[in-house]
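Quick notes on the structure that follows.
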Amino acid sequence: MTAAAVPDRVVSAEQRKRARSVGITYLVLAMVCFFIFTRRPGDAGFRITETSQFTLPAQGFGWALGIVLVAVAAAQLLRGFGRLSNVVLALATAAFFMSFLAWAAAGDSFSFVGMLQDTVSRSVPITLGAIGGILSERSGVINISIEGMLLAAACTSAIAASLTNLWLGTLVGALTGVALAAVLAVMSIRYKVDQVIVGFAINFFALGVTSFVSFRVLVPNRDTMNNLLPVTPIRIPLLADVPFIGTIFFEQTIFVYFSFAAVALATWGLYRTKWGLRTRAIGEYPKAAGTLGVDVNKLRYRNLLLAGAVAGIGGAWWPIGIVGRFDQNITNGRGFIALAAVIFGRWHPVGALCGALVFALAEAVRLKIGNFDTGIPSEFLIMAPYVVTIIVVAGFIGASRAPKAAGQPYEDQ
Amino acid sequence: MNETLKSLRFTLLAVVAALVVSAFIIVITDIEALGDGNFGQAFSTLGTAYWGLFKGSFGSLRAISNTITGATPLLLAGLAVSSAFKAGLFNIGATGQMLAGAITGLWVGFAFQLPPIIHVPLALLAAAVGGALFGAIPGALKARTGAHEVITTIMLNGIASFTVLWLLKTELFKREGRDDAISKFVEDSAKLPKLFWFMGKRIDLLAHTGFIVALLATFVFWWLLRKTTLGFEMQATGFNQEAARYAGMKTKSLMVVSMAIAGAFAGLAGGSEVLGLYGYASGSVAGDIGFDAIAVALLGRSTPIGTLVSALLFGALQAGGRQMQVDTDVPIDLIIVLRALIVFFIAAPLLVKAIFRVKGDAKGFGQTFRGWGG
Amino acid sequence: MKFELRGITKRFPGVVANDNVNLEVSTGEVLALIGENGAGKSTLMNVLYGIYRPDEGELRIDGTPQHFSSPADAIAAGIGMVHQHFMLVPVMTVAENVVLGVEPTGRLGSLDIDEARRMVKEVSDKYSLELNPDAVIEDLPVGVRQRVEIVKVLMRDAKIVVFDEPTAVLTPSEILEFFEIVRSLVAAGRGVIFITHKLKEALTIADRINVLRRGKVVGEANPKNTTESEIAEMMVGRAVQLVVDKKPATPGAAMLQVKNLSVVEPDGRTVVDDVSFEVRVGEIVGIAGVQGNGQTELVEALSGMRRAASGSISVADRDVSHDSPRERHAAGMAHIPEDRQRQGLVTEMSITENLVLTRYHDAEFSQGIRMKWDVAAARAKELVAAYDIRTNDPSQPASTLSGGNQQKVIVARELSRDIRLAVAAQPTRGIDVGSIEYVHSQIVKERDAGVAVLVVSTELDEIMSLSDRVLVMYRGRIVADLDPKKVSHMDIGLYMAGSRPAAVAS
C-alpha cells in the first residue's frame, strides 16, 4: 500500500494497551502472592480420593509463584508472548488459584476433587441458561429473562415431579421455559416491544407468581406438591475410572451430561449446519437473509422456543437435580450470571461453558474454604463471582463480537 | 393535551387488564375452596382481597400515610432509573446505589452531634454523594472500557449488598449488644421529621419529610431536563451518541455524570429510608425497591410526572397489598405479579388495543436498548 | 420472458409511494428506471421482489399473474436483486453469504462447505467474476463485494437482474467494467433493470428508459434520441439546472492549511497519507474520489472527531490540530457531516433543538447551565423561514422532515453563523433535486461572501460543477490538483482509479 513505515509485527495501539494491562495484572497478582499468600504457615492438603492427597507448602508455594509471576510480568511488558499470551494467562490464573487454595487451607486439608466435582455440578443451570441466552442472542433477540425462565421452571417442575415422576417433571420445566420464551417472542417480534423491558417484565412476573404460589400453595401442601427425591449421580463406566478427571466429570447426574451434550450440540449446530448459518446471519444482518428468502421472524420464534426449553431444563435442575423441592427465589440471580457467562464466552457455547465453570468454581470454593479461618469475611467470598464478572467484562471482553443485530426488531412488510 | 389523555387512557386500560389477570390468579390458587367445589368462597376471597387493596392504600389517614411512606423511596429510586434512561443508560443498579447512600447517610447520622437544621441536610447530602460515587462506577466502566451497564450494575448490586452486610457487622457500624447485621441508631437530630407531626400522638403515621425531598427531587429532574444545558446534552447523548459527539459534546464524561446523578437520586432513597423511616440500617434497607424502581420508571416512561404518578401508584399497591394479606391470605407477592402485568400491558399498547378494541394510535416504548456494543 | 408490473399501487401512511405504475421488461434488454430520491423506484422494485405486497395491481410473467408472498417466491420465479446497500453479512465468508438460503447440505442438515465453495467457483468462472470463496466480507473492498452480490444473484438462476444504484461506489473505470458485465448478462439471455439517478449512465447503457416522479410513471424515453436535460425535466417536473450557476472565484489568502497530515487506524493501517493542501478565502475546493480512499477519515481529522497521527491543521493561521471540535467551531470552522441522520441530527429531538445542537453553549442560547429555550425557539423560526425548511412547526421532531429538509436544517445551523471555513462532506447525498439545487446555491453564496469552502463528495458531477479547484484522493493521498474547466470527466476518473491520463504520464 503506502510507504508508511511498517514494523515487522503490526501491533495496534489497542493490542499494546491490552498487553500492558495484562502485564500489570501479573504484577498485582505477584504482590498478592508475596503479601498475602505467604502469611499462613503449614502445608495444605488437597484430597484427591479417600486415601490419596497431595500437599502444597503454603508459604513456599506463595514465594515461588510470586517470583515466577514477576518474571512473567516482566516478559509480558517487555516482549509479550505473542500467540501464547492466552495460554500464559490461563496458566498463571490457574497457578494463582492453587496458591490461594494452599493459603486458605494451610495446616488443614479439604477435598479438592470434591470441590471440582461440585463445580461441574453447579455449573449446570448456568450453562443451560447460557445456551438459552446464546440461542436467542445469536438470532438477534436479547434475552434478559433467563432468570425468570429458570425460576418458573424450577417451580413448575418441582410441583409436577412431586405429583408424577421425575421425567414428567423435567418435561414440565422445559415447557414452562417454552411458554415464557413464547411471551418474549411474541412481545418482541410481533409487538416490537423493547426486548430488555419484556425480559424484565417476565422476570418480575416469574418472581411474583412463583413466590405467590410457594406461599399460598406449596407451603401448606408441602408433602403432596413440593417433595421429591432428586436424581442420583450416574457413574459412566470406563471413563469414570480415569484418575482425577474421571471422578470430576463422569460421576455426575444426568443433568450434567445433558449440559455437556447441549454445549456440543449447540456448537455443532451453530457452525456446521444450515440452521446455524441462517441463525448467525439473522443475528448479524437479518436483512441479508430476508432478501434471500429466509423467514427471519419464523426462525427467531423457533430459536427462542428452543432456548426456552433448554433454560427450562436448567431450571428443573434445582428440584430434580439437587434439592428435591422448590424454595422461594431459589435461583437467586443465577440467570443473570448465565447472561454474564454468555458475554464472557463471546456468544460461543464452549466459551459460555468456561464462564459457567468459572462462576460455579467461585461458589464451590466458598463452600469448602468458608470453613477455614482465613480472616476473609464470608461476604467477600460470596461476592467473588460478581467481582470476577466485572473484571472480565470490563477488562478482557469489552463490547466486541456481540451479534450485531441483537436488540433490534426485524421489519418486514 | 390530547396526547396525554390518550396515553393516560392506555395506562388505565393496562391497569384494568392487569387487575383482571391477577383476579384470575387469586381465584385459581385458592386451592382449598376450589378443591371443595366452593366457587362462591373463592370469589368472596377475591372481593375481600381487592377491597383490602383499596382500603389499605386510600381508605384512611393511616392508609394514605402508608402509601406516601412506600412511595417515597420508590419515587427517588424511580428517578434514578428514569434519569439514566434519559441519558440512554439502563440503570439496574438502583439497589446498590441506595445501599451506598444508606451507609453514608447513616454514618453522618450517628457520627456527629449537630443541630437538626444542619444535621438533616448534611446527612441527606452525604447519602446523595455516596450514591453518586457508587453510581459513577458503572458509568466510568462503560466510558473507559465499553462494559455494558446492564451487567456491571447487576454485579455491583451484589457487591454492594454483601459489602453492606459486612460493614454492618464491623465495630464502626454495629449496634451494641447485637451480632447480626444491624446498625447503630441515628442521632435524633439527623432524623427526618414526620409529615403528620402536627397530629401529635399518632405514631402509626409513618410518612416522613423524605416525601418532600422526593417531590423536590422530581422537580430538580424536570428542571434538569427542560431547562439546562446538561440535561440537553444528556438527552442528545441518550438518543444519538454519535451525533452528540459530532456536536462537540463530551459523551464519555456525560455517561459518568448521568450515572452519578442517577446514583445521587438512589442514594437519597437509601438515606431517606434510614433517616426517615427506620432510624437505622439493616441488610434489607433497600429490599426490592431497586428493582421495583425499574417498573416505576418504565410505567412512567422516564418522565418526571410519569415517574411521580407511578411511584404513587406502586406505593398504593404496596400499602394496599399488606392490608390484603392481613384480611385474606393472599400473599403480598401478588403485588409483584400485578406490577409485572402492568408493565407488560404498558409496554405493549398494541396488545391492549387488540384486547379492548380501542381505536387510535398506540405508541409503544420504542427501542431503548441499542445492543451490547459499547 | 416478459416481466410486467401492471397498475401497481402501494400506499404507506401519509404517502402513495407507487400510483398505478406500469412497467415491463423482457429478457435480452436493459431498462433504466430513473427518478430522484423519494420517487418510488425502490418501493416498486421491492414489490417486484416480493418484499412488499401491492395494494392494487399485479405482476405478470409471460402473461401469467404471479403472487409473491416473500422474496423466496420472487427468487424462484427468476428475479434477482442487487441492492444499493449490500446485503452481505460482514463477519461471514463469501461462500457462506452466497449460499445463504440455498445451502447445500449433507447428513442431518450439516452444511457442505466444500460444495458451497465449488458452487461459487462455478458461477464466478463462468462470468469471469473472480472471487475467493473463503474471504471474509468485511475484509473485502467495495468493488469485490459487488461481485459477490452479482454471483449471489446468478447462482439462483435469475432471469431478470435488478441493480439498485450500482455505480454509486465505483470509479469511472470500474463503471465501464460494470457496463461490460451488464452487456454480458444481456448477451447470456437475461434482462436487466437498472435503477439510477445518474442520467449519463442511463443514456449509455439502457435500451429503454422509464421515468418515475412522485410515484407515477411520467415518461418513457428512448436513449437514442433523448438528452439529459429532457430526462431531468421529466424527473423533476420543471427545467432543472444541471450545472451550478456561479461567477468566477476571486480567492484571497489561505484560510485552511493542511500540512503533512496523516491518520493511522488502530490496527496500523495508514488511511490518510501525508496530505497537504490549502483552501483560500472565497474559493471552493472539491475533493473527488471513490468512497473508501481516506476522505472520510480526512474530514474526521479536520473536524476534530479523530486525532491525526502527524501533521498540522491551521485555520486563519491558527494551529487547531489539537483543538476539540467545539474549539474548532469557535475558531470559525463549520462542518456539514457525511451522514445527516447519524452524525448531523438527533432525529428524535425537535427541529428547534437540532438547530441549536452545535450552538447551545454559545452565550446567545445559554447562560451557564441554564438554557434559553425561548431565544432558541425564536431563532429557529427565523432560520426555518430563511433557509426554506418545509415544516409548519419547529417543535416537531426532526424525523418528520424529508431528507432534503433535514439537510437544510444542518446547512442552516452551520452556515448561518459567522464562519470562515466550511467543510461539507457529501452535502447532497440522498436528497431531492430541489434541495440539491438549494444546498449548492447556499454553498456558492458562502463562497461569494468570503468563506473558504471545502467540499468532499463521491458524486463527480457535483465536484466538477461546484468546485473552483479539484483535488483527487486515492489511497489516502492527494494525487492531483486540477482545474475543472480544463480537465475531462474521464481524466479525473483515471486519477480516482490510481492511474494517470496518457498525456500527463509521458
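Ligands are numbered from 1 in the order shown, residues from 1 within each chain, and chains are lettered A, B, ... in the order they appear in the C-alpha cells.
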
Which residues, written as a PDB file with C-alpha atoms, in the first residue's frame, have at least one atom at most 7 Å from B:Thr229, with only C-alpha atoms counted and residues fewer than 4 positions away on the same chain left out?
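Saved result, part19.pdb, follows:
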```
ATOM      1  CA  GLU B 233     -26.574  17.057  26.449  1.00  0.00           C
TER       2      GLU B 233
ATOM      3  CA  ILE C 369     -26.074  25.840  32.922  1.00  0.00           C
ATOM      4  CA  ARG C 370     -29.394  27.447  32.089  1.00  0.00           C
ATOM      5  CA  MET C 371     -30.753  27.112  28.562  1.00  0.00           C
TER       6      MET C 371
END
```

Could you list, as a compact mmCIF listing (two decimals) with C-alpha atoms, in the first residue's frame, every residue of chain C that has an atom within 6 Å of an atom of chain A, counting only C-alpha atoms?
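Printed below is out08.txt as written:
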```txt
# COMPACT_ATOMS: atom_id res chain seq x y z
CA TYR C 52 -43.87 -5.56 -0.35
CA PRO C 71 -38.50 -12.80 -1.72
CA ALA C 72 -38.26 -16.58 -1.82
CA MET C 87 -26.99 -7.42 1.71
CA LEU C 88 -23.91 -9.20 2.92
CA VAL C 89 -23.16 -10.40 6.43
CA GLY C 101 -30.92 -19.59 1.63
CA GLY C 109 -28.67 -30.76 7.87
CA SER C 110 -24.96 -30.24 8.13
CA LEU C 111 -23.55 -27.62 5.81
CA PRO C 266 -5.74 1.41 15.46
CA ASP C 267 -4.66 -1.66 13.56
CA GLY C 268 -1.75 0.15 11.97
```

*Check every residue of chain A for an atom within 8 Å of chain B, counting only C-alpha atoms, and provide those that qualify as JSON, numbers by chain.*
{"A": [187, 191, 192, 193, 194, 195, 196, 197, 198, 201, 202, 204, 205, 206, 207, 208, 209, 211, 212, 213, 215, 216, 217, 336, 340, 377, 379, 380, 382, 383, 386, 387, 389, 390, 393, 394, 395, 398, 399, 400, 402, 404, 405, 406, 407, 408]}

Please save C-alpha atoms of the selected residues as a compact mmCIF listing (two decimals), in the first residue's frame.
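In the end it all went to out_39.txt:
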```
# COMPACT_ATOMS: atom_id res chain seq x y z
CA MET A 187 -43.90 -9.31 22.55
CA TYR A 191 -45.41 -6.23 19.03
CA LYS A 192 -41.87 -4.91 18.76
CA VAL A 193 -41.58 -4.04 22.43
CA ASP A 194 -38.11 -3.28 23.71
CA GLN A 195 -36.58 -6.67 24.45
CA VAL A 196 -34.94 -5.71 27.71
CA ILE A 197 -38.19 -4.33 29.06
CA VAL A 198 -40.08 -7.50 28.18
CA ALA A 201 -41.29 -7.90 32.96
CA ILE A 202 -41.01 -11.68 32.58
CA PHE A 204 -40.85 -9.77 37.72
CA PHE A 205 -43.75 -11.92 36.69
CA ALA A 206 -41.92 -15.18 37.36
CA LEU A 207 -40.65 -13.99 40.73
CA GLY A 208 -44.07 -12.80 41.76
CA VAL A 209 -46.02 -15.82 40.63
CA SER A 211 -43.31 -16.67 45.35
CA PHE A 212 -47.05 -16.33 45.44
CA VAL A 213 -47.57 -19.96 44.58
CA PHE A 215 -46.52 -19.21 49.88
CA ARG A 216 -50.12 -19.93 49.09
CA VAL A 217 -49.93 -23.42 47.67
CA PHE A 336 -28.00 -13.05 35.33
CA ALA A 340 -22.60 -12.82 32.10
CA PRO A 377 -15.29 -12.32 55.78
CA GLU A 379 -19.40 -11.97 52.47
CA PHE A 380 -16.37 -11.26 50.35
CA ILE A 382 -19.75 -14.73 48.14
CA MET A 383 -19.03 -11.57 46.21
CA TYR A 386 -19.58 -10.71 40.88
CA VAL A 387 -16.18 -9.08 41.03
CA THR A 389 -17.61 -10.85 36.18
CA ILE A 390 -16.96 -7.13 36.25
CA VAL A 393 -16.48 -7.84 31.15
CA ALA A 394 -14.62 -4.60 31.62
CA GLY A 395 -11.10 -5.81 31.16
CA GLY A 398 -15.50 -5.31 26.44
CA ALA A 399 -18.19 -5.00 23.86
CA SER A 400 -16.79 -6.80 20.88
CA ALA A 402 -21.86 -9.31 20.10
CA LYS A 404 -24.76 -7.01 15.60
CA ALA A 405 -28.49 -7.17 15.20
CA ALA A 406 -29.23 -8.21 18.77
CA GLY A 407 -31.89 -5.99 20.24
CA GLN A 408 -33.37 -4.68 17.00
```

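The gap separating atom CA of A:Arg366 from atom CA of B:Lys174 is 24.7 Å, in Å to one decimal.
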
*So which residues touch B:Ile64 within 12 Å, counting only C-alpha atoms, skipping near sequence neighbours fewer than 3 positions away, as a list in words?*
Phe54, Lys55, Gly56, Ser57, Phe58, Gly59, Ser60, Leu61, Thr67, Ile68, Thr69, Gly70, Ala71, Leu195, Phe196, Asp204, Leu205, Leu206, Ala207, Leu312, Leu313, Gly315, Ala316, Leu317, Gln318, Ala319 and Gly320 of chain B

Would you export the selected residues with N, CA and C atoms as an mmCIF file, in the first residue's frame, please?
```cif
data_model
loop_
_atom_site.group_PDB
_atom_site.id
_atom_site.type_symbol
_atom_site.label_atom_id
_atom_site.label_comp_id
_atom_site.auth_asym_id
_atom_site.auth_seq_id
_atom_site.Cartn_x
_atom_site.Cartn_y
_atom_site.Cartn_z
ATOM 1 N N PHE B 54 -57.825 -1.660 48.276
ATOM 2 C CA PHE B 54 -58.248 -0.265 48.238
ATOM 3 C C PHE B 54 -58.189 0.365 49.631
ATOM 4 N N LYS B 55 -58.725 -0.379 50.613
ATOM 5 C CA LYS B 55 -58.756 0.148 51.980
ATOM 6 C C LYS B 55 -57.351 0.492 52.456
ATOM 7 N N GLY B 56 -56.436 -0.407 52.168
ATOM 8 C CA GLY B 56 -55.095 -0.245 52.693
ATOM 9 C C GLY B 56 -54.307 0.879 52.045
ATOM 10 N N SER B 57 -54.769 1.320 50.872
ATOM 11 C CA SER B 57 -53.993 2.368 50.224
ATOM 12 C C SER B 57 -54.618 3.741 50.375
ATOM 13 N N PHE B 58 -55.953 3.832 50.372
ATOM 14 C CA PHE B 58 -56.563 5.152 50.449
ATOM 15 C C PHE B 58 -57.686 5.260 51.456
ATOM 16 N N GLY B 59 -57.982 4.170 52.135
ATOM 17 C CA GLY B 59 -59.217 4.146 52.907
ATOM 18 C C GLY B 59 -59.181 4.898 54.219
ATOM 19 N N SER B 60 -58.016 5.330 54.662
ATOM 20 C CA SER B 60 -57.959 6.040 55.945
ATOM 21 C C SER B 60 -56.719 6.902 55.952
ATOM 22 N N LEU B 61 -56.581 7.734 56.964
ATOM 23 C CA LEU B 61 -55.398 8.590 57.041
ATOM 24 C C LEU B 61 -54.153 7.721 57.147
ATOM 25 N N THR B 67 -49.205 4.782 52.085
ATOM 26 C CA THR B 67 -48.951 4.936 50.657
ATOM 27 C C THR B 67 -47.795 5.907 50.430
ATOM 28 N N ILE B 68 -47.850 7.021 51.152
ATOM 29 C CA ILE B 68 -46.784 8.011 50.978
ATOM 30 C C ILE B 68 -45.438 7.434 51.410
ATOM 31 N N THR B 69 -45.452 6.724 52.522
ATOM 32 C CA THR B 69 -44.206 6.138 53.018
ATOM 33 C C THR B 69 -43.600 5.187 51.994
ATOM 34 N N GLY B 70 -44.466 4.393 51.395
ATOM 35 C CA GLY B 70 -43.967 3.450 50.393
ATOM 36 C C GLY B 70 -43.539 4.149 49.124
ATOM 37 N N ALA B 71 -44.266 5.206 48.773
ATOM 38 C CA ALA B 71 -43.958 5.872 47.506
ATOM 39 C C ALA B 71 -42.658 6.643 47.566
ATOM 40 N N LEU B 195 -44.239 13.710 58.607
ATOM 41 C CA LEU B 195 -45.106 14.640 57.891
ATOM 42 C C LEU B 195 -46.297 15.066 58.754
ATOM 43 N N PHE B 196 -46.798 14.128 59.516
ATOM 44 C CA PHE B 196 -48.028 14.418 60.267
ATOM 45 C C PHE B 196 -47.726 14.737 61.712
ATOM 46 N N ASP B 204 -48.500 5.936 64.545
ATOM 47 C CA ASP B 204 -48.657 4.964 63.457
ATOM 48 C C ASP B 204 -48.605 5.638 62.094
ATOM 49 N N LEU B 205 -48.535 6.985 62.107
ATOM 50 C CA LEU B 205 -48.436 7.661 60.814
ATOM 51 C C LEU B 205 -46.965 7.825 60.467
ATOM 52 N N LEU B 206 -46.496 6.921 59.625
ATOM 53 C CA LEU B 206 -45.060 6.848 59.396
ATOM 54 C C LEU B 206 -44.533 7.804 58.330
ATOM 55 N N ALA B 207 -45.427 8.414 57.590
ATOM 56 C CA ALA B 207 -44.951 9.233 56.478
ATOM 57 C C ALA B 207 -44.041 10.340 56.973
ATOM 58 N N LEU B 312 -46.446 6.768 43.085
ATOM 59 C CA LEU B 312 -47.607 6.825 43.972
ATOM 60 C C LEU B 312 -48.478 5.582 43.786
ATOM 61 N N LEU B 313 -48.667 5.198 42.546
ATOM 62 C CA LEU B 313 -49.473 4.011 42.261
ATOM 63 C C LEU B 313 -48.875 2.779 42.923
ATOM 64 N N GLY B 315 -46.716 2.689 45.364
ATOM 65 C CA GLY B 315 -46.771 2.834 46.812
ATOM 66 C C GLY B 315 -48.144 2.425 47.325
ATOM 67 N N ALA B 316 -49.167 2.832 46.586
ATOM 68 C CA ALA B 316 -50.529 2.465 46.969
ATOM 69 C C ALA B 316 -50.720 0.956 46.920
ATOM 70 N N LEU B 317 -50.221 0.341 45.840
ATOM 71 C CA LEU B 317 -50.367 -1.113 45.706
ATOM 72 C C LEU B 317 -49.683 -1.835 46.871
ATOM 73 N N GLN B 318 -48.525 -1.302 47.242
ATOM 74 C CA GLN B 318 -47.790 -1.954 48.318
ATOM 75 C C GLN B 318 -48.539 -1.844 49.641
ATOM 76 N N ALA B 319 -48.990 -0.626 49.955
ATOM 77 C CA ALA B 319 -49.700 -0.418 51.208
ATOM 78 C C ALA B 319 -50.982 -1.253 51.217
ATOM 79 N N GLY B 320 -51.675 -1.197 50.087
ATOM 80 C CA GLY B 320 -52.916 -1.971 49.994
ATOM 81 C C GLY B 320 -52.659 -3.468 50.056
#
```

*asked:* Can you pull out the residues contacting stretch 459-475 of chain C? Cut-off 6 Å, using only C-alpha atoms, and skip same-chain residues under 5 positions away; I want them as a list of chain:residue names.
replied: C:Val243, C:Val244, C:Ile284, C:Val285, C:Gly286, C:Ile287, C:Ala288, C:Gly289, C:Asn293, C:Ala480, C:Asp481, C:Leu482, C:Asp483, C:Pro484, C:Met496

*Find the spatial neighbours of B:Val220, counting only C-alpha atoms, within a cut-off of 12 Å - ignore same-chain residues fewer than 5 positions away - and output them as a list in words.*
Leu76, Leu79, Ser83, Val213, Ala214, Leu215, Leu225, Arg226, Lys227, Thr228, Gly231, Ile261, Ala264, Phe265, Pro304 and Ile305 of chain B
